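One file, coords.cif, carrying mmCIF, C-alpha atoms:
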data_structure
loop_
_atom_site.label_atom_id
_atom_site.label_comp_id
_atom_site.auth_asym_id
_atom_site.auth_seq_id
_atom_site.Cartn_x
_atom_site.Cartn_y
_atom_site.Cartn_z
CA MET A 1 0.00 0.00 0.00
CA ALA A 2 1.20 3.50 -0.80
CA ASN A 3 2.64 5.63 1.99
CA LEU A 4 0.21 8.50 2.50
CA GLU A 5 2.14 10.24 5.29
CA THR A 6 2.02 13.98 4.74
CA ASN A 7 4.13 16.95 5.73
CA PHE A 8 2.04 20.03 4.97
CA ALA A 9 3.95 23.23 5.68
CA GLY A 10 5.66 21.48 8.60
CA ILE A 11 2.48 19.83 9.92
CA LYS A 12 2.84 16.04 9.82
CA SER A 13 -0.12 13.66 9.57
CA PRO A 14 -0.70 9.98 8.67
CA ASN A 15 -2.47 11.02 5.46
CA PRO A 16 -3.48 14.25 3.67
CA PHE A 17 -7.17 13.93 4.58
CA TRP A 18 -8.26 16.38 7.27
CA LEU A 19 -11.60 17.41 8.70
CA ALA A 20 -12.30 21.07 7.99
CA SER A 21 -13.15 23.47 10.78
CA ALA A 22 -16.91 23.00 11.12
CA PRO A 23 -19.62 21.27 13.20
CA PRO A 24 -17.91 17.83 12.94
CA THR A 25 -14.85 19.22 14.78
CA ASN A 26 -16.73 20.98 17.55
CA THR A 27 -15.79 18.58 20.38
CA GLY A 28 -13.04 16.23 21.46
CA TYR A 29 -15.48 13.32 21.23
CA GLN A 30 -16.09 14.01 17.54
CA VAL A 31 -12.43 14.52 16.64
CA MET A 32 -11.31 11.35 18.44
CA ASN A 33 -13.98 9.34 16.62
CA ALA A 34 -12.73 10.82 13.35
CA PHE A 35 -9.12 9.87 14.10
CA ARG A 36 -10.20 6.34 15.02
CA ALA A 37 -11.96 6.13 11.65
CA GLY A 38 -8.74 7.05 9.84
CA TRP A 39 -8.65 10.81 9.30
CA GLY A 40 -5.12 12.20 9.27
CA GLY A 41 -5.91 15.54 10.84
CA ALA A 42 -8.61 17.91 11.99
CA VAL A 43 -9.01 21.67 12.11
CA TRP A 44 -10.91 22.44 15.32
CA LYS A 45 -14.11 24.48 15.06
CA THR A 46 -13.13 28.14 15.14
CA LEU A 47 -12.04 29.46 18.53
CA GLY A 48 -13.02 32.95 19.56
CA VAL A 49 -15.36 34.79 21.87
CA PRO A 50 -18.15 32.19 22.26
CA ILE A 51 -21.31 32.79 20.25
CA VAL A 52 -24.75 31.53 21.23
CA ASN A 53 -25.72 29.46 18.21
CA VAL A 54 -29.26 28.90 17.02
CA SER A 55 -31.39 25.97 15.89
CA SER A 56 -32.29 25.16 12.27
CA ARG A 57 -28.89 26.23 10.98
CA TYR A 58 -28.82 24.37 7.65
CA SER A 59 -30.60 24.44 4.31
CA SER A 60 -29.79 21.92 1.59
CA VAL A 61 -30.18 22.22 -2.17
CA SER A 62 -31.02 19.13 -4.22
CA TYR A 63 -31.04 18.70 -7.99
CA LYS A 64 -33.99 16.66 -9.24
CA ASN A 65 -33.73 13.36 -7.35
CA ASN A 66 -30.13 13.79 -6.24
CA LYS A 67 -29.39 14.82 -2.66
CA MET A 68 -27.46 16.87 -1.71
CA MET A 69 -26.01 19.22 -4.34
CA GLY A 70 -25.18 21.97 -1.87
CA LEU A 71 -25.58 22.93 1.75
CA ASN A 72 -26.11 26.38 3.18
CA ASN A 73 -25.35 27.06 6.82
CA ILE A 74 -25.76 29.99 9.17
CA GLU A 75 -23.59 28.27 11.78
CA LEU A 76 -21.29 30.59 13.71
CA ILE A 77 -18.02 29.94 15.56
CA THR A 78 -17.69 27.94 18.78
CA ASP A 79 -20.45 28.30 21.33
CA ARG A 80 -18.19 26.98 24.11
CA SER A 81 -15.57 28.71 26.22
CA LEU A 82 -11.92 28.74 25.26
CA GLU A 83 -11.08 26.86 28.47
CA VAL A 84 -13.40 23.98 27.57
CA ASN A 85 -12.10 23.79 24.01
CA LEU A 86 -8.45 23.84 25.10
CA LYS A 87 -9.05 21.10 27.66
CA GLU A 88 -10.58 18.81 25.02
CA MET A 89 -7.94 19.67 22.42
CA LYS A 90 -5.19 18.75 24.89
CA GLU A 91 -6.88 15.42 25.57
CA VAL A 92 -7.20 14.68 21.83
CA LYS A 93 -3.53 15.46 21.19
CA LYS A 94 -2.45 13.29 24.11
CA LYS A 95 -4.42 10.29 22.83
CA PHE A 96 -3.58 10.79 19.14
CA PRO A 97 -0.08 12.32 19.04
CA LYS A 98 0.57 11.34 15.40
CA ASN A 99 -2.57 12.99 14.03
CA ALA A 100 -2.52 16.65 13.05
CA LEU A 101 -4.56 18.96 15.27
CA ILE A 102 -4.92 22.51 13.98
CA ALA A 103 -6.56 25.36 15.86
CA SER A 104 -8.86 27.54 13.78
CA MET A 105 -9.06 31.05 15.23
CA MET A 106 -10.94 34.32 14.75
CA PHE A 107 -10.44 37.28 17.07
CA GLU A 108 -10.88 41.03 17.03
CA THR A 109 -7.74 42.44 18.67
CA LYS A 110 -4.03 41.76 18.49
CA GLU A 111 -3.96 40.94 22.20
CA GLU A 112 -6.68 38.30 21.80
CA TRP A 113 -4.82 36.66 18.91
CA HIS A 114 -1.56 36.54 20.90
CA ASP A 115 -3.20 35.14 24.01
CA CYS A 116 -4.93 32.30 22.17
CA ILE A 117 -1.81 31.44 20.17
CA LYS A 118 0.23 31.04 23.34
CA ARG A 119 -2.43 28.97 25.07
CA CYS A 120 -2.84 26.69 22.06
CA GLU A 121 0.90 26.15 21.75
CA ASP A 122 1.09 25.33 25.46
CA ILE A 123 -1.22 22.33 24.94
CA GLY A 124 0.75 21.03 21.96
CA ILE A 125 -1.35 21.81 18.88
CA ASP A 126 0.39 21.33 15.52
CA GLY A 127 -0.59 24.53 13.75
CA PHE A 128 -3.05 27.37 13.29
CA GLU A 129 -5.65 28.19 10.68
CA LEU A 130 -6.74 31.83 10.60
CA ASN A 131 -10.41 32.09 9.69
CA TYR A 132 -10.61 34.94 7.18
CA GLY A 133 -13.54 33.43 5.35
CA CYS A 134 -16.75 33.26 7.40
CA PRO A 135 -19.34 34.99 5.17
CA HIS A 136 -21.90 35.50 7.94
CA GLY A 137 -21.61 37.12 11.33
CA MET A 138 -18.69 39.08 12.73
CA CYS A 139 -17.95 41.06 9.57
CA GLU A 140 -19.10 44.21 11.33
CA ARG A 141 -16.30 43.60 13.85
CA GLY A 142 -13.56 43.23 11.25
CA MET A 143 -13.48 39.44 11.35
CA GLY A 144 -14.29 36.59 8.96
CA SER A 145 -14.70 37.45 5.28
CA ALA A 146 -14.26 41.16 6.05
CA VAL A 147 -10.59 40.31 6.60
CA GLY A 148 -10.26 37.98 3.62
CA GLN A 149 -11.73 40.62 1.31
CA ASN A 150 -9.24 43.30 2.33
CA PRO A 151 -5.63 42.41 1.47
CA ASP A 152 -4.17 45.11 3.73
CA VAL A 153 -6.09 43.86 6.77
CA CYS A 154 -5.31 40.26 5.82
CA GLU A 155 -1.58 41.01 5.76
CA ARG A 156 -1.68 42.98 9.00
CA ILE A 157 -3.54 40.38 11.09
CA THR A 158 -1.45 37.57 9.64
CA SER A 159 1.68 39.43 10.74
CA TRP A 160 0.22 39.75 14.25
CA VAL A 161 0.03 35.98 14.41
CA THR A 162 3.32 35.11 12.75
CA GLU A 163 5.29 37.45 14.99
CA VAL A 164 4.52 35.22 17.99
CA ALA A 165 3.51 31.79 16.60
CA THR A 166 6.17 29.08 16.59
CA LYS A 167 3.90 26.55 14.85
CA PRO A 168 2.89 26.72 11.16
CA VAL A 169 0.24 29.28 10.24
CA ILE A 170 -2.39 28.59 7.58
CA VAL A 171 -4.64 31.37 6.27
CA LYS A 172 -8.14 30.26 5.23
CA LEU A 173 -9.31 32.35 2.29
CA THR A 174 -12.81 33.48 1.36
CA PRO A 175 -14.08 32.86 -2.19
CA ASN A 176 -16.25 35.99 -1.96
CA VAL A 177 -13.71 38.08 -3.87
CA THR A 178 -13.07 38.93 -7.51
CA ASP A 179 -9.39 37.89 -7.44
CA ILE A 180 -8.27 35.17 -5.02
CA THR A 181 -4.59 35.91 -5.66
CA LYS A 182 -4.70 39.30 -3.90
CA PRO A 183 -5.58 38.05 -0.39
CA ALA A 184 -3.38 34.98 -0.91
CA LEU A 185 -0.35 37.13 -1.72
CA ALA A 186 -1.21 39.36 1.25
CA ALA A 187 -1.19 36.31 3.53
CA GLN A 188 2.19 35.35 2.08
CA ARG A 189 3.57 38.82 2.75
CA GLY A 190 2.26 38.59 6.31
CA GLY A 191 4.41 35.53 6.91
CA ALA A 192 1.86 32.71 6.52
CA ASN A 193 3.25 29.21 5.94
CA ALA A 194 0.30 28.02 3.84
CA VAL A 195 -3.24 28.85 2.76
CA SER A 196 -6.46 26.85 2.62
CA LEU A 197 -9.37 27.42 0.25
CA ILE A 198 -12.18 27.78 -0.19
CA ASN A 199 -14.34 28.84 2.69
CA THR A 200 -18.08 28.95 2.05
CA ILE A 201 -19.78 31.12 -0.59
CA ASN A 202 -22.34 33.80 0.23
CA SER A 203 -25.77 32.41 -0.58
CA VAL A 204 -29.49 32.30 -0.05
CA THR A 205 -30.59 28.80 -0.99
CA GLY A 206 -34.28 29.53 -1.40
CA VAL A 207 -37.38 31.10 0.05
CA ASN A 208 -40.11 29.21 1.87
CA LEU A 209 -43.27 30.13 -0.04
CA THR A 210 -45.47 29.39 2.96
CA THR A 211 -43.65 31.56 5.50
CA MET A 212 -42.20 34.02 2.92
CA ALA A 213 -38.83 33.80 4.70
CA PRO A 214 -35.50 32.54 3.30
CA ASN A 215 -34.23 29.10 4.32
CA PRO A 216 -33.29 28.18 6.96
CA THR A 217 -35.53 30.13 9.27
CA VAL A 218 -35.07 30.71 12.99
CA ALA A 219 -38.11 32.11 14.80
CA GLY A 220 -39.48 33.23 11.45
CA GLN A 221 -36.35 35.10 10.40
CA SER A 222 -33.23 34.29 8.41
CA THR A 223 -30.04 35.65 6.89
CA HIS A 224 -27.61 34.85 4.12
CA GLY A 225 -25.28 31.96 4.84
CA GLY A 226 -22.30 29.99 3.59
CA TYR A 227 -22.72 27.59 0.65
CA CYS A 228 -20.65 24.40 0.49
CA GLY A 229 -20.79 20.84 -0.81
CA PRO A 230 -20.43 19.33 -4.32
CA ALA A 231 -21.84 22.43 -6.02
CA VAL A 232 -18.84 24.57 -5.01
CA LYS A 233 -16.14 22.16 -6.20
CA PRO A 234 -15.70 23.77 -9.68
CA ILE A 235 -15.26 27.19 -8.09
CA SER A 236 -12.72 25.88 -5.61
CA LEU A 237 -10.71 24.03 -8.26
CA ASN A 238 -10.58 27.18 -10.38
CA MET A 239 -9.31 29.33 -7.51
CA LEU A 240 -6.81 26.64 -6.58
CA GLY A 241 -5.50 26.71 -10.14
CA GLU A 242 -5.22 30.49 -10.09
CA LEU A 243 -2.94 30.32 -7.07
CA THR A 244 -0.93 27.34 -8.31
CA ASN A 245 -0.18 29.12 -11.58
CA HIS A 246 0.58 32.54 -10.12
CA PRO A 247 4.31 33.23 -10.57
CA ASP A 248 4.69 35.02 -7.23
CA PHE A 249 2.71 32.67 -5.00
CA LYS A 250 4.93 30.05 -3.34
CA LEU A 251 2.97 28.61 -0.40
CA PRO A 252 1.46 25.11 -0.08
CA ILE A 253 -2.33 24.92 -0.37
CA SER A 254 -4.93 22.86 1.47
CA GLY A 255 -7.92 22.31 -0.82
CA ILE A 256 -11.51 22.51 0.42
CA GLY A 257 -14.87 22.29 -1.33
CA GLY A 258 -17.13 19.43 -2.35
CA ILE A 259 -14.68 16.58 -1.72
CA GLU A 260 -16.53 13.28 -1.22
CA THR A 261 -14.49 10.57 -2.99
CA TRP A 262 -10.87 9.67 -3.66
CA GLN A 263 -11.37 10.87 -7.23
CA ASP A 264 -12.32 14.31 -5.94
CA ALA A 265 -9.20 14.36 -3.78
CA VAL A 266 -6.94 13.40 -6.70
CA GLU A 267 -8.38 16.25 -8.76
CA TYR A 268 -7.39 18.66 -5.99
CA PHE A 269 -3.88 17.20 -5.83
CA LEU A 270 -3.51 17.49 -9.60
CA MET A 271 -4.54 21.16 -9.40
CA GLY A 272 -1.84 21.85 -6.80
CA ALA A 273 -3.19 21.04 -3.33
CA SER A 274 -0.91 19.26 -0.84
CA SER A 275 -3.73 18.29 1.54
CA VAL A 276 -7.51 18.38 1.45
CA GLN A 277 -10.17 19.18 4.02
CA VAL A 278 -13.70 17.77 4.20
CA CYS A 279 -16.84 18.90 6.02
CA THR A 280 -20.13 18.58 4.13
CA ALA A 281 -19.57 15.00 2.97
CA VAL A 282 -18.88 13.94 6.56
CA MET A 283 -22.08 15.61 7.70
CA HIS A 284 -23.93 13.79 4.93
CA TYR A 285 -22.34 10.33 5.05
CA GLY A 286 -20.32 10.08 8.27
CA PHE A 287 -16.65 9.79 9.25
CA ARG A 288 -16.22 6.43 7.49
CA ILE A 289 -15.89 7.99 4.05
CA VAL A 290 -12.20 8.39 4.88
CA THR A 291 -11.80 4.66 4.20
CA ASP A 292 -12.59 5.32 0.54
CA LEU A 293 -10.27 8.31 0.47
CA ASN A 294 -7.37 6.32 1.91
#
Is it possible to express this structure as structure tokens?
Amino acid sequence: MANLETNFAGIKSPNPFWLASAPPTNTGYQVMNAFRAGWGGAVWKTLGVPIVNVSSRYSSVSYKNNKMMGLNNIELITDRSLEVNLKEMKEVKKKFPKNALIASMMFETKEEWHDCIKRCEDIGIDGFELNYGCPHGMCERGMGSAVGQNPDVCERITSWVTEVATKPVIVKLTPNVTDITKPALAAQRGGANAVSLINTINSVTGVNLTTMAPNPTVAGQSTHGGYCGPAVKPISLNMLGELTNHPDFKLPISGIGGIETWQDAVEYFLMGASSVQVCTAVMHYGFRIVTDLN
């Protein structure tokens, strides 16, 4: 059998298949089950000031009789305290030392970034992923896609992190831009060791004709969300290719978007990715799809 061991920007894992930062990586229980199933790494659900999440957070899009073409979510970052997350992350790393554990992060101030970086490194995480891609919530506070859409801010916040981090730093890019190379090059200038793409795409998946509110609804109201799943794969592959072929971009790339099968993963590798991350397919089919990938 082929050796699938991976060294992505200095982060080692048994294989290049990681869980993306999302609901399936929200707890230590979930991540440990994923590692037992065979996943090489996991990016923990985004750490930050805890947000009270809501019910009915997802809306799927099907095409004729095929489910599920795409998934929209209005999920926010962690709804648990940093102390609880760090305790569980430490336990996961202790039990699975060979698997990659990456801390996704999203904060407002330089001091908050520095504090979380130090605390994460103290428990032995393998790297960081800076969430510059969330298309919903927090943009009014200069976080999420508001950072990924502004190269100057992207470079500045990345430099805040890289000036203190001793572990590899990955910048997660938003696809809600006209030119993906601009924020990617800004992340490179800020000292990032790698990038990941794509985060979810701004979307409204439909309107409920009975309630007259967009899907999904919470207490009769809704908002735009992030679109992911098989439908976004062509967009992700295109942006991946734009970075791979840019003469000035030199960082490794972790590919995200619509990956369900080993064939999908190979397409990402052929377009220039060194690792891939999966979320929607795991939510749809379960952790065991990694057996097919491996």
Quick check on the file I pasted: which residues fall under the PyMOL selection byres ((chain A and resi 279) around 7)? Write them as JSON, numbers by chain. {"A": [19, 20, 22, 277, 278, 280, 281, 282, 283]}
Given the selection you just returned, output its residues as a file containing C-alpha atoms, formatted as a tab-separated table (two decimals), in the frame of the given file.
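Now in selection_20.tsv:
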chain	number	residue	atom	x	y	z
A	19	LEU	CA	-11.60	17.41	8.70
A	20	ALA	CA	-12.30	21.07	7.99
A	22	ALA	CA	-16.91	23.00	11.12
A	277	GLN	CA	-10.17	19.18	4.02
A	278	VAL	CA	-13.70	17.77	4.20
A	280	THR	CA	-20.13	18.58	4.13
A	281	ALA	CA	-19.57	15.00	2.97
A	282	VAL	CA	-18.88	13.94	6.56
A	283	MET	CA	-22.08	15.61	7.70
List, as a PyMOL selection string, every residue that the PyMOL selection byres ((chain A and resi 176) around 7) selects in the file provided. chain A and resi 174-175+177+201-202
With distances taken over all atoms listed in the file, which residue among A:Thr6, A:Asn150, A:Thr162, A:Ser81 lies nearest Leu130 (chain A)? A:Thr162
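Closest approach to Asn294 (chain A) among A:Asp122, A:Glu267, A:Glu88, A:Glu5 is made by A:Glu5 (distances from all atoms listed in the file).
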Figure out the distance between CA of Gly258 (chain A) and CA of Cys228 (chain A), please, to one decimal in Å.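 One can read the CA of Cys228 (chain A) to CA of Gly258 (chain A) distance as 6.7 Å.
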Do you know which residues are at most 12 Å from Pro24 (chain A) counting only C-alpha atoms, after dropping those on the same chain fewer than 6 positions away, and could you put them as a ChimeraX atom specification? /A:18,30-35,42-46,75,78,277-287
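Taking CA of Pro252 (chain A) as the reference point, CA of Ala273 (chain A) is found at 7.0 Å.
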As a ChimeraX atom specification, please: the residues near Gly229 (chain A) (cut-off 8 Å, all atoms listed in the file, same-chain neighbours under 4 positions excluded). /A:68-71,233,257-259,280-281
Selection above as a file: C-alpha atoms, as a tab-separated table (two decimals), in the coordinates of the input:
chain	number	residue	atom	x	y	z
A	68	MET	CA	-27.46	16.87	-1.71
A	69	MET	CA	-26.01	19.22	-4.34
A	70	GLY	CA	-25.18	21.97	-1.87
A	71	LEU	CA	-25.58	22.93	1.75
A	233	LYS	CA	-16.14	22.16	-6.20
A	257	GLY	CA	-14.87	22.29	-1.33
A	258	GLY	CA	-17.13	19.43	-2.35
A	259	ILE	CA	-14.68	16.58	-1.72
A	280	THR	CA	-20.13	18.58	4.13
A	281	ALA	CA	-19.57	15.00	2.97
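When you apply the PyMOL selection byres ((chain A and resi 95-111) around 6) to this structure, what comes back is Ser13, Gly40, Gly41, Ala42, Val43, Trp44, Thr46, Leu47, Gly48, Val92, Lys93, Lys94, Glu112, Trp113, His114, Ile125, Asp126, Gly127, Phe128, Glu129, Leu130 and Asn131 of chain A.
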